[in-house]
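A.B. asks: A single structure is presented below for examination.
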Amino acid sequence: DTFRKMLRKFVAGKDDDGMLDAFRKQTKGYCLESSQIKTLVQLMGTDESRYRLLDLAYPKAYHSDEYANMESLLSDSYYKGRFRAMLHR
């Protein structure tokens with residue numbers, strides 16, 4: 001399964017930046033379900049990294065209508081605001 005392979009490489013990243021880099025490399029030309037994106041976001045250590053991953057993943061989401069629910073993964077109001085602005089681009 002392609003997602004499992006990508007997930008293994010994602011968690012092998014030494015830190016949040018390594019995981020973001022793995023995400024960029026492993027998801028070229030392929031879309032993800034919202035639940036898969038949520039799984040990856042929950043592995044990130046900071047709100048900044050969670051937001052960066054949500055921003056990278058948004059164009060790759062199958063169900064972009066469900067994407068707004070991902071705001072609950074962020075706790076900092078600054079990143080929640082940026083997330084809402086990203087959805088309205």
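Each chain in the structure tokens gets a letter, A, B, ..., in the order shown, and its residues are numbered from 1; ligands are numbered from 1 in order too.
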What's the 7 Å shell around stretch 12-20 of chain A, counting only C-alpha atoms, without same-chain residues fewer than 5 positions away, as a PyMOL selection string?
C.D. replies: chain A and resi 44-45+49+53
A.B. asks: Could you write those residues out with all heavy atoms, as a compact mmCIF listing (two decimals), in the first residue's frame?
C.D. replies:
# COMPACT_ATOMS: atom_id res chain seq x y z
N MET A 44 3.36 15.22 14.10
CA MET A 44 4.23 16.40 14.15
C MET A 44 4.30 16.94 15.57
O MET A 44 3.33 16.88 16.32
CB MET A 44 3.71 17.49 13.20
CG MET A 44 3.54 17.04 11.75
SD MET A 44 5.03 16.37 11.00
CE MET A 44 5.93 17.86 10.68
N GLY A 45 5.45 17.53 15.93
CA GLY A 45 5.69 17.95 17.30
C GLY A 45 5.19 19.33 17.69
O GLY A 45 4.94 19.57 18.86
N SER A 49 4.79 23.11 12.75
CA SER A 49 5.00 21.97 11.84
C SER A 49 3.68 21.38 11.37
O SER A 49 3.54 20.99 10.21
CB SER A 49 5.84 20.90 12.52
OG SER A 49 7.10 21.40 12.85
N LEU A 53 2.55 21.20 7.44
CA LEU A 53 2.12 19.97 6.78
C LEU A 53 0.72 20.13 6.20
O LEU A 53 0.46 19.72 5.07
CB LEU A 53 2.19 18.78 7.74
CG LEU A 53 1.76 17.44 7.15
CD1 LEU A 53 2.58 17.10 5.90
CD2 LEU A 53 1.88 16.34 8.18
A.B. asks: Can you pull out the residues contacting A:Met6? Cut-off 9 Å, using only C-alpha atoms, and skip same-chain residues under 6 positions away; I want them as a list of chain:residue names.
C.D. replies: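 Neighbouring residues, sequence-local ones excluded: A:Ala22, A:Phe23, A:Gln26, A:Thr27.
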A.B. asks: Residues as selected, N, CA and C atoms, written as a PDB file, in the first residue's frame, can you do that?
C.D. replies:
ATOM      1  N   ALA A  22      10.276  14.374   3.785  1.00  0.00           N
ATOM      2  CA  ALA A  22       9.833  13.049   3.323  1.00  0.00           C
ATOM      3  C   ALA A  22       8.447  13.147   2.688  1.00  0.00           C
ATOM      4  N   PHE A  23       7.567  13.948   3.289  1.00  0.00           N
ATOM      5  CA  PHE A  23       6.218  14.119   2.734  1.00  0.00           C
ATOM      6  C   PHE A  23       6.304  14.704   1.322  1.00  0.00           C
ATOM      7  N   GLN A  26       7.665  11.947  -1.045  1.00  0.00           N
ATOM      8  CA  GLN A  26       6.865  10.732  -1.181  1.00  0.00           C
ATOM      9  C   GLN A  26       5.472  10.955  -1.756  1.00  0.00           C
ATOM     10  N   THR A  27       5.002  12.193  -1.816  1.00  0.00           N
ATOM     11  CA  THR A  27       3.623  12.412  -2.272  1.00  0.00           C
ATOM     12  C   THR A  27       3.546  13.096  -3.633  1.00  0.00           C
TER      13      THR A  27
END
